[in-house]
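**Student:** My questions will all concern the structure given below.
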Amino acid sequence: MNWKNSLLITMLCLLSWPSYADIYQRMQQLQKQLQQDAAQTLPEIVRLQQQQTFADKEIQKMVTYLHLQACISLKKNSCAAEQTQLLLTLPLTQVQQVELHKLASQLYYQLGQYQNCINQAQLWLQQTEPLPANALTITAETNAAIHALISYSHYKLAQPQSAIEAMQQALRHNVTESRQQFLLALYQQQQQVKDERQLLQLMVGSYPKQSQYWERLGQNWYQTGHEQQALNVLSSAYKAKLLPTRSIPLLAKLLLLQQAPQRAATILQQHQSELQQHPAFLPLLTQAYLMSQQRQQALALIQQYPAQTKQSLALASQLAFSLEQWRNAQQLLQQQIKAEPTNQYWRYLLGLSYFEDKQPQLALETLATITETRLLPAVKQWQQHIQFLQG
């Protein structure tokens, strides 16, 4: 809030009023004192103001302005707001009114009086429209700042849609990253994903080195079902070394969905040390290995992690069996049988692994424990085959 500039303009306007020798001299004296000791001078200014209650309006304005200056010097926002409102009841030029409405909106925001802030800001906007040319320079930044103040106030009042509209107006006048971030947060809060995406696309263009905007844009595309666009954004960020580690699993998932398992595996391998505690890392890399026909790597990966789930243990058991690693398969299948004792399929695979490992007696003993109807035809064939080979 640039109060000093507002007050400087107001002071210049006030000093142009007709001078009244005695009161003007007293005010000059108080103004000097104000610069030296504002706290001690304020009571004297209050007394002078009370003495001039029925004085000429021009004198009242000068004294009230001095009181306002003292309040601001002492950072007494409530006092400053009161004097600003008092000044607005006195005859003022349009330029003076504009400056005071701007000051009032800033003071009310600081005081947490958000509706009053909005009201004063709206009055400022109404009065700046018809100002004569060159009467007062209203910069794009000033206009943006007032709209932003309205937006923040609406947000504080739990009026998010009004906050969005006001911040959109602020950005039409002047763009800053902080205002865009605020609008982005509002879009997210209101689940306006299309508006959020459009703003993120602008921000990626404006701040290409800011990784969080790339990441959020990719996530936005993914969450709305646009997987190819999400992959394009996250891949570009990854190539530019701008993708946060936490989003690498999402990139790998998108690569798998687009049938690029070798690329997914390579990326995950490169970041294994940072991602090994991530819950999606093991399933994604395992899937990438399996999709790219790297069964040995998939099995080795699963066995690196002692805290296996039922699903990963089952996969490891089947992988070891398919790779003809019979001793490894036997150990894994025995663990799997303990984990799922009612699923007799694992006993069936264990029996076959014993047979392939040249342990026919263990194979027969294991197959003999199977009673599940759907498995019995295959079990009997294997039992007959083993007994035939034993002679």
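Residue numbers start at 1 in each chain; chains themselves are named A, B, ... in the order of the structure tokens; ligands are numbered from 1 in the order shown.
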So that I can check the surroundings of segment 376-380 of chain A, please list as an MDAnalysis selection string every protein, DNA and RNA residue that reaches within 12 Å of it, counting only C-alpha atoms and ignoring chain neighbours fewer than 3 positions away.

**Tutor:** chainID A and resid 344:345 347:352 363:373 383:387

**Student:** Output C-alpha atoms for every residue in the selection just made, as a tab-separated table (two decimals), in the first residue's frame.

**Tutor:**
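Below is the file that was written, again.tsv:
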chain	number	residue	atom	x	y	z
A	344	GLN	CA	-3.96	-75.06	-3.85
A	345	TYR	CA	-2.63	-73.71	-7.17
A	347	ARG	CA	0.97	-76.45	-4.18
A	348	TYR	CA	0.51	-77.55	-7.76
A	349	LEU	CA	3.35	-75.27	-8.95
A	350	LEU	CA	5.53	-76.38	-6.04
A	351	GLY	CA	5.02	-80.03	-6.98
A	352	LEU	CA	6.01	-79.31	-10.58
A	363	ALA	CA	6.83	-83.85	-6.23
A	364	LEU	CA	4.51	-86.82	-5.67
A	365	GLU	CA	4.07	-86.04	-1.98
A	366	THR	CA	3.17	-82.43	-2.74
A	367	LEU	CA	0.76	-83.28	-5.57
A	368	ALA	CA	-0.95	-85.85	-3.32
A	369	THR	CA	-2.08	-83.05	-0.94
A	370	ILE	CA	-4.14	-81.35	-3.69
A	371	THR	CA	-7.91	-81.92	-3.47
A	372	GLU	CA	-9.26	-79.03	-5.52
A	373	THR	CA	-11.53	-80.37	-8.26
A	383	GLN	CA	1.42	-88.18	-11.01
A	384	GLN	CA	1.14	-90.84	-13.72
A	385	HIS	CA	3.96	-89.22	-15.72
A	386	ILE	CA	6.30	-89.11	-12.68
A	387	GLN	CA	5.49	-92.71	-11.69

**Student:** Can you tell me, as an NGL selection string, what residues are no more than 12 Å from Tyr155 of chain A when counting only C-alpha atoms, ignoring any on the same chain fewer than 4 positions away?

**Tutor:** :A and (109 or 112 or 114-115 or 118 or 148-151 or 159-167 or 182-183 or 185-186 or 189-190)

**Student:** Those residues with C-alpha atoms, as a PDB file, in the first residue's frame please?

**Tutor:**
ATOM      1  CA  TYR A 109      -8.297  -4.112   4.614  1.00  0.00           C
ATOM      2  CA  GLY A 112      -9.994  -6.692   8.664  1.00  0.00           C
ATOM      3  CA  TYR A 114     -13.345  -6.415   4.319  1.00  0.00           C
ATOM      4  CA  GLN A 115     -16.809  -5.280   3.251  1.00  0.00           C
ATOM      5  CA  ILE A 118     -14.737  -3.437  -0.980  1.00  0.00           C
ATOM      6  CA  ALA A 148      -6.590  -7.233  -6.222  1.00  0.00           C
ATOM      7  CA  LEU A 149      -7.581  -5.682  -2.886  1.00  0.00           C
ATOM      8  CA  ILE A 150     -11.242  -6.320  -3.745  1.00  0.00           C
ATOM      9  CA  SER A 151     -10.364  -9.919  -4.633  1.00  0.00           C
ATOM     10  CA  GLN A 159     -16.946 -15.280  -1.586  1.00  0.00           C
ATOM     11  CA  PRO A 160     -14.591 -17.188  -3.914  1.00  0.00           C
ATOM     12  CA  GLN A 161     -16.392 -16.538  -7.191  1.00  0.00           C
ATOM     13  CA  SER A 162     -16.397 -12.781  -6.613  1.00  0.00           C
ATOM     14  CA  ALA A 163     -12.721 -13.069  -5.628  1.00  0.00           C
ATOM     15  CA  ILE A 164     -12.005 -14.831  -8.927  1.00  0.00           C
ATOM     16  CA  GLU A 165     -13.775 -12.165 -10.991  1.00  0.00           C
ATOM     17  CA  ALA A 166     -11.963  -9.329  -9.213  1.00  0.00           C
ATOM     18  CA  MET A 167      -8.545 -10.967  -9.631  1.00  0.00           C
ATOM     19  CA  PHE A 182      -3.670 -16.471  -5.982  1.00  0.00           C
ATOM     20  CA  LEU A 183      -6.067 -16.924  -8.904  1.00  0.00           C
ATOM     21  CA  ALA A 185      -5.377 -21.329  -5.887  1.00  0.00           C
ATOM     22  CA  LEU A 186      -8.938 -20.050  -6.266  1.00  0.00           C
ATOM     23  CA  GLN A 189     -10.447 -24.519  -4.625  1.00  0.00           C
ATOM     24  CA  GLN A 190     -13.482 -24.150  -6.900  1.00  0.00           C
TER      25      GLN A 190
END

**Student:** Kindly indicate which residue among A:Gln60, A:Gln106, A:Gln49, A:Gln33 lies nearest to Leu88 of chain A, using only C-alpha atoms for the distances.

**Tutor:**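 Result for the nearest residue to Leu88 of chain A: A:Gln60.
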
**Student:** Env of Gln40 of chain A: 12 Å cut, atoms = only C-alpha atoms, seq-sep filter 5 positions within chain, self excluded. Answer as a VMD selection string.

**Tutor:** chain A and resid 30 to 31 33 to 35 45 to 46 70 to 71 73 to 74

**Student:** Could you dump the residues just selected with C-alpha atoms as a compact mmCIF listing (two decimals), in the first residue's frame?

**Tutor:**
# COMPACT_ATOMS: atom_id res chain seq x y z
CA LEU A 30 1.99 21.19 14.98
CA GLN A 31 3.22 19.67 11.76
CA GLN A 33 6.14 18.82 16.18
CA LEU A 34 4.53 15.84 14.48
CA GLN A 35 7.75 15.04 12.68
CA ILE A 45 -4.08 18.06 17.19
CA VAL A 46 -7.23 16.43 18.60
CA ALA A 70 -0.61 11.88 12.80
CA CYS A 71 -2.63 8.64 12.87
CA SER A 73 2.65 8.27 11.50
CA LEU A 74 1.70 6.33 14.62
